[in-house]
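File shown: structure_23.cif (mmCIF, C-alpha atoms).
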data_coords
loop_
_atom_site.label_atom_id
_atom_site.label_comp_id
_atom_site.auth_asym_id
_atom_site.auth_seq_id
_atom_site.Cartn_x
_atom_site.Cartn_y
_atom_site.Cartn_z
CA MET Q 1 -17.06 10.11 24.02
CA ALA Q 2 -13.87 8.64 25.50
CA ALA Q 3 -15.42 8.25 28.98
CA PRO Q 4 -18.54 6.30 27.84
CA LEU Q 5 -16.35 4.07 25.64
CA THR Q 6 -13.97 3.39 28.54
CA LEU Q 7 -16.90 2.55 30.82
CA LEU Q 8 -18.34 0.24 28.15
CA VAL Q 9 -14.98 -1.57 27.81
CA ILE Q 10 -14.72 -1.99 31.60
CA VAL Q 11 -18.25 -3.45 31.80
CA ALA Q 12 -17.61 -5.80 28.86
CA VAL Q 13 -14.29 -7.04 30.27
CA THR Q 14 -15.87 -7.54 33.72
CA ILE Q 15 -18.66 -9.68 32.27
CA ARG Q 16 -16.17 -11.84 30.38
CA ALA Q 17 -13.84 -12.19 33.39
CA ALA Q 18 -16.77 -13.25 35.60
CA LEU Q 19 -17.90 -15.87 33.07
CA TYR Q 20 -14.34 -17.20 32.72
CA ARG Q 21 -14.36 -17.90 36.46
CA SER Q 22 -17.80 -19.54 36.42
CA SER Q 23 -18.76 -23.14 35.70
CA LEU Q 24 -20.46 -21.98 32.48
CA ALA Q 25 -17.11 -21.51 30.70
CA ASP Q 26 -16.62 -25.26 30.11
CA VAL Q 27 -20.22 -25.68 28.92
CA ILE Q 28 -19.99 -22.74 26.51
CA SER Q 29 -16.67 -23.96 25.06
CA GLU Q 30 -18.39 -27.20 23.96
CA ARG Q 31 -21.37 -25.57 22.24
CA VAL Q 32 -21.42 -26.28 18.50
CA GLU Q 33 -23.07 -22.89 17.87
CA VAL Q 34 -20.11 -21.09 19.45
CA VAL Q 35 -17.09 -23.09 18.25
CA SER Q 36 -16.35 -25.04 15.09
CA PRO Q 37 -13.67 -27.59 14.11
CA LEU Q 38 -11.67 -24.60 12.86
CA THR Q 39 -11.97 -22.28 15.85
CA ALA Q 40 -12.31 -24.56 18.90
CA TRP Q 41 -9.85 -23.78 21.70
CA LYS Q 42 -9.41 -27.43 22.68
CA ARG Q 43 -8.07 -28.12 19.18
CA VAL Q 44 -5.58 -25.27 19.58
CA VAL Q 45 -4.43 -26.82 22.88
CA GLU Q 46 -4.00 -30.22 21.20
CA GLY Q 47 -2.05 -28.57 18.38
CA LEU Q 48 0.21 -26.89 20.95
CA ALA Q 49 0.79 -30.26 22.67
CA LEU Q 50 1.87 -31.81 19.35
CA LEU Q 51 4.13 -28.84 18.62
CA ASP Q 52 5.82 -29.17 22.05
CA LEU Q 53 6.48 -32.86 21.31
CA GLY Q 54 8.22 -31.94 18.06
CA VAL Q 55 5.38 -33.31 15.92
CA SER Q 56 3.70 -31.25 13.22
CA PRO Q 57 0.28 -30.07 14.54
CA TYR Q 58 -1.12 -30.81 11.08
CA SER Q 59 -0.02 -34.45 11.05
CA GLY Q 60 -3.46 -35.63 12.23
CA ASP Q 61 -6.99 -34.38 11.70
CA VAL Q 62 -7.23 -32.30 14.87
CA PHE Q 63 -5.76 -28.85 14.30
CA HIS Q 64 -6.90 -26.70 11.37
CA GLU Q 65 -5.94 -23.16 12.37
CA THR Q 66 -3.12 -21.26 10.68
CA PRO Q 67 0.53 -21.53 11.81
CA LEU Q 68 0.59 -17.90 12.99
CA ILE Q 69 -2.23 -18.66 15.44
CA ILE Q 70 -0.51 -21.68 16.97
CA TYR Q 71 2.81 -19.84 17.29
CA LEU Q 72 1.02 -16.85 18.81
CA PHE Q 73 -0.46 -19.05 21.53
CA HIS Q 74 2.79 -20.93 21.91
CA PHE Q 75 3.93 -17.77 23.74
CA LEU Q 76 0.56 -16.55 25.06
CA VAL Q 77 -1.14 -19.79 26.12
CA ASP Q 78 -0.95 -18.78 29.79
CA TYR Q 79 -2.60 -15.46 28.93
CA ALA Q 80 -5.25 -16.84 26.57
CA GLU Q 81 -8.19 -15.26 28.40
CA ILE Q 82 -6.56 -11.82 28.33
CA THR Q 83 -5.71 -12.29 24.65
CA PHE Q 84 -9.31 -13.03 23.66
CA MET Q 85 -10.69 -10.17 25.77
CA LEU Q 86 -8.12 -7.84 24.22
CA ALA Q 87 -9.13 -9.03 20.73
CA ASP Q 88 -12.76 -8.08 21.44
CA VAL Q 89 -11.73 -4.68 22.79
CA ILE Q 90 -9.54 -4.04 19.72
CA THR Q 91 -12.44 -4.97 17.44
CA ALA Q 92 -14.87 -2.67 19.25
CA VAL Q 93 -12.45 0.29 19.35
CA CYS Q 94 -11.57 -0.15 15.65
CA LEU Q 95 -15.25 -0.24 14.68
CA TYR Q 96 -15.89 2.81 16.89
CA MET Q 97 -13.13 4.80 15.20
CA ALA Q 98 -14.07 3.60 11.71
CA VAL Q 99 -17.74 4.49 12.08
CA LYS Q 100 -16.87 7.86 13.63
CA ASP Q 101 -14.69 8.71 10.62
CA TYR Q 102 -17.30 7.38 8.19
CA ASN Q 103 -20.06 9.51 9.79
CA LYS Q 104 -17.93 12.62 9.37
CA GLN Q 105 -17.58 11.86 5.66
CA VAL Q 106 -21.30 11.16 5.29
CA PHE Q 107 -22.19 14.45 7.00
CA ARG Q 108 -19.69 16.35 4.82
CA LYS Q 109 -21.13 14.89 1.60
CA GLN Q 110 -24.67 15.56 2.82
CA LYS Q 111 -23.75 19.20 3.59
CA TYR Q 112 -22.30 19.73 0.11
CA ALA Q 113 -25.38 18.15 -1.50
CA LEU Q 114 -27.69 20.43 0.51
CA GLU Q 115 -25.69 23.49 -0.48
CA ALA Q 116 -25.90 22.43 -4.13
CA ASP Q 117 -29.70 21.82 -3.86
CA ARG Q 118 -29.35 18.22 -5.04
CA TYR Q 119 -32.11 16.89 -2.77
CA PRO Q 120 -35.83 17.32 -3.58
CA LEU Q 121 -37.61 19.55 -1.07
CA ASP Q 122 -40.03 16.83 0.09
CA CYS Q 123 -37.19 14.49 1.21
CA LEU Q 124 -35.47 16.85 3.64
CA GLU Q 125 -36.91 14.80 6.50
CA LEU Q 126 -34.60 11.97 5.38
CA ILE Q 127 -31.51 14.11 5.98
CA ARG Q 128 -29.46 12.92 8.95
CA SER Q 129 -28.70 15.38 11.74
CA PRO Q 130 -25.39 15.61 13.69
CA LYS Q 131 -27.27 14.91 16.93
CA GLU Q 132 -28.68 11.70 15.47
CA MET Q 133 -25.24 10.56 14.27
CA TYR Q 134 -23.29 11.53 17.39
CA TYR Q 135 -23.89 8.38 19.45
CA ILE Q 136 -23.77 5.89 16.57
CA PRO Q 137 -20.05 4.96 17.03
CA LEU Q 138 -20.67 4.23 20.72
CA LYS Q 139 -23.74 2.14 19.82
CA VAL Q 140 -21.65 0.15 17.34
CA ALA Q 141 -19.06 -0.62 20.04
CA MET Q 142 -21.87 -1.51 22.44
CA PHE Q 143 -23.57 -3.77 19.89
CA TYR Q 144 -20.31 -5.67 19.53
CA LEU Q 145 -19.02 -5.82 23.11
CA LEU Q 146 -22.37 -6.54 24.80
CA ASN Q 147 -23.77 -8.82 22.11
CA PRO Q 148 -24.40 -12.25 23.75
CA PHE Q 149 -22.95 -13.90 20.64
CA THR Q 150 -19.66 -12.00 21.07
CA ILE Q 151 -19.53 -12.74 24.80
CA LEU Q 152 -20.14 -16.47 24.23
CA SER Q 153 -17.47 -16.59 21.54
CA CYS Q 154 -14.95 -14.86 23.81
CA VAL Q 155 -15.72 -17.07 26.84
CA ALA Q 156 -15.39 -20.19 24.66
CA LYS Q 157 -11.99 -18.83 23.51
CA SER Q 158 -13.00 -19.24 19.90
CA THR Q 159 -10.34 -17.99 17.49
CA CYS Q 160 -13.17 -16.34 15.55
CA GLY Q 161 -12.61 -13.35 17.86
CA LEU Q 162 -9.08 -12.97 16.50
CA ASN Q 163 -10.39 -13.10 12.93
CA ASN Q 164 -12.92 -10.37 13.78
CA ALA Q 165 -10.12 -8.21 15.20
CA VAL Q 166 -8.12 -8.51 11.97
CA ILE Q 167 -11.18 -7.69 9.81
CA SER Q 168 -12.02 -4.68 12.01
CA LEU Q 169 -8.45 -3.39 11.59
CA PHE Q 170 -8.85 -3.81 7.83
CA ILE Q 171 -12.13 -1.83 7.94
CA LEU Q 172 -10.55 0.92 10.06
CA PHE Q 173 -7.55 1.45 7.80
CA THR Q 174 -9.71 1.28 4.68
CA ILE Q 175 -12.02 4.02 5.98
CA LYS Q 176 -8.99 6.03 7.13
CA GLY Q 177 -7.71 5.78 3.54
CA ASN Q 178 -4.44 3.98 4.37
CA VAL Q 179 -3.94 1.84 1.27
CA LEU Q 180 -0.92 -0.15 2.47
CA LEU Q 181 -2.32 -1.14 5.90
CA SER Q 182 -5.70 -1.91 4.33
CA ALA Q 183 -4.02 -4.36 1.93
CA ILE Q 184 -1.88 -5.89 4.71
CA PHE Q 185 -4.81 -6.57 7.05
CA LEU Q 186 -7.00 -7.82 4.19
CA SER Q 187 -4.24 -10.30 3.27
CA LEU Q 188 -4.01 -11.36 6.94
CA ALA Q 189 -7.81 -11.85 7.10
CA THR Q 190 -7.70 -13.87 3.86
CA TYR Q 191 -4.81 -15.94 5.23
CA GLN Q 192 -6.96 -16.76 8.25
CA SER Q 193 -10.09 -17.97 6.45
CA ILE Q 194 -10.07 -17.29 2.65
CA TYR Q 195 -13.57 -15.75 2.57
CA PRO Q 196 -12.57 -12.12 3.40
CA LEU Q 197 -11.09 -12.03 -0.10
CA THR Q 198 -14.57 -10.84 -1.18
CA LEU Q 199 -14.05 -7.62 0.82
CA SER Q 200 -11.35 -6.52 -1.62
CA ALA Q 201 -13.94 -5.08 -4.06
CA ALA Q 202 -15.43 -2.84 -1.36
CA ALA Q 203 -11.96 -1.72 -0.25
CA LEU Q 204 -10.98 -0.79 -3.81
CA LEU Q 205 -14.20 1.15 -4.37
CA TYR Q 206 -13.85 3.07 -1.12
CA LEU Q 207 -10.17 3.90 -1.55
CA MET Q 208 -10.77 5.07 -5.13
CA GLN Q 209 -13.53 7.35 -3.85
CA ARG Q 210 -11.12 8.79 -1.27
CA GLN Q 211 -8.58 9.53 -3.99
CA TYR Q 212 -11.17 10.79 -6.51
CA ILE Q 213 -10.38 8.03 -9.01
CA PRO Q 214 -13.42 7.34 -11.21
CA VAL Q 215 -14.70 3.75 -11.37
CA ASN Q 216 -14.37 3.52 -15.12
CA LEU Q 217 -12.94 0.42 -16.79
CA GLN Q 218 -11.71 2.54 -19.70
CA ARG Q 219 -9.63 4.85 -17.51
CA TRP Q 220 -5.93 4.11 -17.05
CA SER Q 221 -5.98 5.53 -13.50
CA PHE Q 222 -8.56 2.92 -12.47
CA TRP Q 223 -6.44 -0.04 -13.58
CA TRP Q 224 -3.25 1.51 -12.18
CA PHE Q 225 -4.82 1.79 -8.70
CA VAL Q 226 -6.20 -1.77 -8.92
CA ALA Q 227 -2.73 -3.01 -9.88
CA GLN Q 228 -1.11 -1.11 -6.98
CA TYR Q 229 -3.57 -2.45 -4.41
CA SER Q 230 -3.36 -5.98 -5.83
CA PHE Q 231 0.44 -5.86 -5.67
CA MET Q 232 0.39 -4.77 -2.02
CA TYR Q 233 -2.28 -7.35 -1.15
CA LEU Q 234 -0.64 -10.29 -2.95
CA GLY Q 235 2.81 -9.25 -1.75
CA SER Q 236 1.63 -9.18 1.88
CA LEU Q 237 -0.11 -12.53 1.44
CA PHE Q 238 3.04 -14.04 -0.07
CA VAL Q 239 5.15 -12.82 2.87
CA ILE Q 240 2.67 -14.22 5.42
CA VAL Q 241 2.48 -17.60 3.65
CA CYS Q 242 6.28 -17.83 3.41
CA LEU Q 243 6.62 -16.83 7.08
CA SER Q 244 4.27 -19.68 7.97
CA PHE Q 245 6.44 -22.06 5.96
CA PHE Q 246 9.62 -20.94 7.76
CA LEU Q 247 7.94 -21.28 11.16
CA LEU Q 248 6.58 -24.75 10.43
CA GLY Q 249 9.26 -26.06 8.09
CA SER Q 250 6.73 -27.58 5.68
CA TRP Q 251 3.66 -26.84 3.55
CA ASP Q 252 1.50 -29.29 5.52
CA TYR Q 253 -0.75 -26.49 6.73
CA LEU Q 254 -2.05 -25.61 3.24
CA PRO Q 255 -4.28 -28.71 2.75
CA SER Q 256 -4.99 -28.92 6.48
CA VAL Q 257 -6.27 -25.32 6.73
CA TYR Q 258 -7.52 -24.22 3.30
CA GLY Q 259 -8.31 -27.69 2.00
CA PHE Q 260 -10.33 -28.26 5.18
CA ILE Q 261 -12.29 -25.03 4.70
CA LEU Q 262 -13.06 -25.71 1.04
CA SER Q 263 -13.66 -29.49 1.07
CA VAL Q 264 -15.67 -29.57 4.36
CA PRO Q 265 -14.63 -33.09 5.51
CA ASP Q 266 -15.75 -32.58 9.13
CA LEU Q 267 -19.56 -32.66 9.29
CA THR Q 268 -19.90 -31.77 12.97
CA PRO Q 269 -23.26 -29.94 13.35
CA ASN Q 270 -23.09 -26.14 13.45
CA ILE Q 271 -25.28 -23.15 12.58
CA GLY Q 272 -24.28 -23.34 8.91
CA LEU Q 273 -25.91 -24.89 5.85
CA PHE Q 274 -23.22 -27.42 4.88
CA TRP Q 275 -23.15 -30.17 7.52
CA TYR Q 276 -26.61 -31.74 7.17
CA PHE Q 277 -26.73 -31.44 3.39
CA PHE Q 278 -23.40 -33.19 2.87
CA ALA Q 279 -24.11 -35.81 5.52
CA GLU Q 280 -27.08 -36.90 3.38
CA MET Q 281 -25.29 -36.41 0.05
CA PHE Q 282 -24.38 -39.32 -2.27
CA GLU Q 283 -20.60 -39.31 -2.64
CA HIS Q 284 -20.56 -38.98 -6.45
CA PHE Q 285 -22.59 -35.73 -6.24
CA ARG Q 286 -20.44 -34.27 -3.46
CA LEU Q 287 -17.89 -32.35 -5.57
CA PHE Q 288 -20.56 -30.67 -7.69
CA PHE Q 289 -22.64 -29.45 -4.76
CA LEU Q 290 -19.50 -28.50 -2.82
CA CYS Q 291 -18.59 -26.13 -5.66
CA VAL Q 292 -22.16 -24.77 -5.74
CA PHE Q 293 -22.20 -24.10 -1.98
CA GLN Q 294 -18.72 -22.53 -1.91
CA ILE Q 295 -19.40 -20.33 -4.94
CA ASN Q 296 -22.31 -18.77 -3.02
CA VAL Q 297 -19.94 -16.72 -0.87
CA PHE Q 298 -18.08 -15.31 -3.86
CA PHE Q 299 -20.94 -15.14 -6.38
CA TYR Q 300 -22.72 -12.15 -4.82
CA THR Q 301 -19.59 -9.97 -4.79
CA VAL Q 302 -19.87 -8.83 -8.42
CA PRO Q 303 -23.60 -7.89 -8.53
CA LEU Q 304 -23.45 -6.23 -5.11
CA SER Q 305 -20.31 -4.30 -6.10
CA ILE Q 306 -22.00 -3.05 -9.26
CA LYS Q 307 -25.17 -2.01 -7.42
CA LEU Q 308 -23.37 -0.45 -4.43
CA LYS Q 309 -20.31 0.98 -6.17
CA ASP Q 310 -21.11 4.42 -4.73
CA HIS Q 311 -21.66 3.02 -1.22
CA PRO Q 312 -18.69 0.76 -0.40
CA VAL Q 313 -19.18 0.83 3.40
CA PHE Q 314 -22.68 -0.59 3.03
CA LEU Q 315 -21.13 -3.12 0.62
CA ILE Q 316 -18.71 -4.19 3.39
CA PHE Q 317 -21.70 -4.75 5.69
CA MET Q 318 -23.46 -6.84 3.03
CA GLN Q 319 -20.35 -8.91 2.30
CA LEU Q 320 -19.71 -9.63 5.99
CA ALA Q 321 -23.30 -10.86 6.28
CA VAL Q 322 -22.98 -13.07 3.18
CA ILE Q 323 -19.74 -14.57 4.53
CA SER Q 324 -21.26 -15.33 7.95
CA ILE Q 325 -24.29 -17.02 6.35
CA PHE Q 326 -22.66 -19.04 3.59
CA LYS Q 327 -19.20 -19.95 4.91
CA SER Q 328 -18.52 -23.64 5.56
CA TYR Q 329 -17.95 -23.47 9.34
CA PRO Q 330 -19.84 -20.45 10.72
CA THR Q 331 -20.22 -19.60 14.40
CA VAL Q 332 -22.18 -16.96 16.30
CA GLY Q 333 -18.97 -14.91 16.50
CA ASP Q 334 -19.16 -14.31 12.73
CA ILE Q 335 -22.71 -13.03 13.05
CA SER Q 336 -21.83 -10.60 15.83
CA LEU Q 337 -19.40 -8.72 13.55
CA TYR Q 338 -21.90 -7.70 10.88
CA MET Q 339 -24.66 -7.13 13.46
CA ALA Q 340 -22.42 -4.52 15.10
CA PHE Q 341 -23.02 -2.37 12.00
CA LEU Q 342 -26.81 -2.27 12.44
CA PRO Q 343 -26.76 1.05 14.41
CA VAL Q 344 -24.96 2.66 11.43
CA TRP Q 345 -28.10 2.07 9.39
CA SER Q 346 -30.59 3.16 12.07
CA HIS Q 347 -31.88 5.86 9.68
CA LEU Q 348 -33.27 3.08 7.48
CA HIS Q 349 -35.79 1.85 10.08
CA ARG Q 350 -38.73 3.68 8.52
CA PHE Q 351 -38.24 1.65 5.32
CA LEU Q 352 -37.73 -1.78 6.90
CA ARG Q 353 -40.62 -4.17 6.29
CA ASN Q 354 -39.93 -7.34 8.30
CA ILE Q 355 -37.69 -6.21 11.15
CA PHE Q 356 -40.05 -7.25 13.97
CA LEU Q 357 -40.72 -10.71 12.52
CA VAL Q 358 -37.05 -11.34 11.73
CA SER Q 359 -35.95 -10.21 15.21
CA CYS Q 360 -38.45 -12.57 16.85
CA VAL Q 361 -37.31 -15.48 14.66
CA LEU Q 362 -33.62 -14.85 15.43
CA LEU Q 363 -34.31 -14.69 19.18
CA ALA Q 364 -36.50 -17.81 19.10
CA CYS Q 365 -33.92 -19.79 17.12
CA SER Q 366 -31.11 -18.69 19.44
CA ALA Q 367 -33.12 -20.01 22.40
CA LEU Q 368 -34.09 -23.24 20.64
CA PHE Q 369 -30.58 -24.23 19.52
CA PRO Q 370 -29.52 -25.69 22.91
CA VAL Q 371 -33.01 -27.13 23.53
CA LEU Q 372 -33.13 -29.15 20.32
CA TRP Q 373 -29.48 -30.15 20.70
CA HIS Q 374 -30.29 -31.59 24.13
CA LEU Q 375 -33.37 -33.41 22.78
CA TRP Q 376 -31.32 -34.89 19.93
CA ILE Q 377 -28.00 -35.81 21.62
CA TYR Q 378 -28.93 -36.41 25.27
CA ALA Q 379 -32.66 -37.16 25.54
CA GLY Q 380 -32.88 -39.08 22.25
CA SER Q 381 -36.41 -37.81 21.68
CA ALA Q 382 -35.49 -35.81 18.54
CA ASN Q 383 -33.13 -36.26 15.61
CA SER Q 384 -30.86 -34.23 13.35
CA ASN Q 385 -33.83 -33.02 11.27
CA PHE Q 386 -35.11 -30.97 14.22
CA TYR Q 387 -31.76 -29.28 14.78
CA TYR Q 388 -31.19 -28.59 11.08
CA ALA Q 389 -34.71 -27.15 10.77
CA ILE Q 390 -33.83 -24.50 13.36
CA THR Q 391 -30.47 -23.92 11.65
CA LEU Q 392 -32.25 -23.43 8.33
CA LEU Q 393 -34.78 -21.04 9.86
CA PHE Q 394 -31.99 -19.10 11.57
CA ASN Q 395 -30.16 -18.60 8.27
CA VAL Q 396 -33.35 -17.70 6.40
CA ALA Q 397 -34.00 -15.05 9.07
CA GLN Q 398 -30.50 -13.67 8.54
CA ILE Q 399 -31.06 -13.55 4.78
CA LEU Q 400 -34.38 -11.72 5.32
CA LEU Q 401 -32.68 -9.28 7.70
CA VAL Q 402 -29.89 -8.44 5.25
CA SER Q 403 -32.21 -8.24 2.22
CA ASP Q 404 -34.56 -5.98 4.21
CA TYR Q 405 -31.72 -3.57 4.98
CA PHE Q 406 -30.63 -3.76 1.33
CA TYR Q 407 -34.14 -2.85 0.19
CA ALA Q 408 -34.40 -0.03 2.75
CA PHE Q 409 -31.01 1.39 1.73
CA LEU Q 410 -31.86 1.41 -1.99
CA ARG Q 411 -35.30 2.89 -1.32
CA ARG Q 412 -33.86 5.78 0.72
CA GLU Q 413 -31.30 6.50 -2.01
CA HIS Q 414 -34.10 6.51 -4.59
CA HIS Q 415 -36.14 8.95 -2.51
CA LEU Q 416 -33.12 11.23 -2.11
CA SER Q 417 -32.88 11.40 -5.89
CA TYR Q 418 -36.54 11.54 -6.94
CA GLY Q 419 -38.43 12.74 -3.87
CA LEU Q 420 -40.22 11.10 -0.98
CA TYR Q 421 -43.73 11.25 -2.38
CA LEU Q 422 -43.63 9.70 -5.82
CA LYS Q 423 -46.26 10.59 -8.42
CA ARG Q 424 -47.31 8.94 -11.66
CA LYS Q 425 -47.68 10.95 -14.85
CA ASP Q 426 -51.40 11.33 -14.20
CA GLY Q 427 -50.70 12.82 -10.75
CA SER Q 428 -51.79 9.79 -8.69
CA GLU Q 429 -49.56 8.35 -5.94
CA ALA Q 430 -46.98 5.80 -7.12
CA THR Q 431 -45.60 2.78 -5.26
CA LEU Q 432 -41.87 2.02 -5.31
CA VAL Q 433 -41.13 -1.62 -6.20
CA LEU Q 434 -37.64 -3.13 -5.89
CA LYS Q 435 -36.87 -5.54 -8.74
#
Would you mind giving the structure from this file in structure tokens?
Amino acid sequence: MAAPLTLLVIVAVTIRAALYRSSLADVISERVEVVSPLTAWKRVVEGLALLDLGVSPYSGDVFHETPLIIYLFHFLVDYAEITFMLADVITAVCLYMAVKDYNKQVFRKQKYALEADRYPLDCLELIRSPKEMYYIPLKVAMFYLLNPFTILSCVAKSTCGLNNAVISLFILFTIKGNVLLSAIFLSLATYQSIYPLTLSAAALLYLMQRQYIPVNLQRWSFWWFVAQYSFMYLGSLFVIVCLSFFLLGSWDYLPSVYGFILSVPDLTPNIGLFWYFFAEMFEHFRLFFLCVFQINVFFYTVPLSIKLKDHPVFLIFMQLAVISIFKSYPTVGDISLYMAFLPVWSHLHRFLRNIFLVSCVLLACSALFPVLWHLWIYAGSANSNFYYAITLLFNVAQILLVSDYFYAFLRREHHLSYGLYLKRKDGSEATLVLK
């Protein structure tokens, strides 16, 4: 598998290098679907200019990335294109290795269950074969590297690519069972954008499974492991925050980065749900609805963790999707990360209900974004309602996609427990309903 992966990386890097040298690079870097006030490269350049002049990059309302990012590019600004391409390659390779390790564990558990006769005889057709699972890691890497959303994000030099690399490293070390590195990279991802904090539940569940610690609130071993992981996570976060303070010499970045993410003062249009709603909002209602919108990202963590406590990797997929839909400044780069996991769940296709419709809607919306933007901003023949309508439809399609996979996953698990062909007590065929 090393040769196909190497070829895939070479093709992906070639595409990006060609686009960097084309006239499209400047156009892509200005697209509101690809960059946000948080991740735009031109804001990083302005922050670097302020830093070189001896002025804090957070003194104005231009730069909102973290201090580690600006000091990273203080040394690598001349190699920015290579840095962003390398970030994409790191993400793809990490996902490849993580999924490969995860598939081995799935196959091992499936083998033990078959040997113990835990599956009903009529659901053996749902069992995954090694041949079917062999190419999934390569497909995951391909779905990430050759996804147009990922390519656009890389060519625009959006710092979202760096965030994806950190999250992929967190996923890799979590699946590998390395508790310390999992906590370190989760703290780094949280430091970058707050929202990855919700991935901590999935990490804890997975690592406890690896160490055969039961998820039981009354067991001392459960709370001891939670305390250990929390200590490593919070300790790493404390070190990173203090390092940022020593680099910058002040705490100015805290309100400028995290306050900016949470309070959403910049209402530049994007593919998220916040900008239009708060542009139309009366000021005295703003705080209430801001809390409601922000809670959305964190609210689903508890119910999803309870429902998927035995399937933490699928929980990671669900949480990444929730973050990309409900975060305050989303870009297409966020979407590309969770979409890379779709090949992992290819065995769920027989249970998906709306996949064709949702795929068509996502493709249509992706094509209509630049069209309606041009009609609104340049032609003047449309207004913000048109653009937000497509944004709303795009997010509804994402919600339908994720909920469809959630339904399909739960249905397959139900069939593996109770059989594929369900019968009522009177012997007639039963229909499975998800409530």
Find the spatial neighbours of Gln319 of chain Q, counting all atoms listed in the file, within a cut-off of 8 Å - ignore same-chain residues fewer than 6 positions away - and output them as a VMD selection string.
chain Q and resid 198 to 199 301
Using the selection just defined, write its residues with C-alpha atoms as a PDB file, in the coordinates of the input.
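Output file result-v3.pdb is given in full below:
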ATOM      1  CA  THR Q 198     -14.570 -10.840  -1.180  1.00  0.00           C
ATOM      2  CA  LEU Q 199     -14.050  -7.620   0.820  1.00  0.00           C
ATOM      3  CA  THR Q 301     -19.590  -9.970  -4.790  1.00  0.00           C
TER       4      THR Q 301
END
If you measure from atom CA of Ile175 of chain Q to atom CA of Gln294 of chain Q, what distance in Å do you get, rounded to one decimal?
28.5 Å
Residues near Phe351 of chain Q, anyone? I mean within 8 Å using all atoms listed in the file, not counting same-chain ones fewer than 5 positions away, as JSON, numbers by chain.
{"Q": [407, 408, 411, 412]}
Find the spatial neighbours of Leu273 of chain Q, counting only C-alpha atoms, within a cut-off of 8 Å - ignore same-chain residues fewer than 6 positions away - and output them as a PyMOL selection string.
chain Q and resi 326+328+391-392+395
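Comparing Q:Val241, Q:Ala189, Q:Val11, Q:Ile261 by their smallest distance to Leu290 of chain Q, the closest is Q:Ile261 (using all atoms listed in the file).
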Translate the PyMOL selection byres ((chain Q and resi 94) around 12) into a concrete residue list for this structure, as a ChimeraX atom specification.
/Q:5,87-93,95-101,137-138,140-141,144-145,164-176,337,340
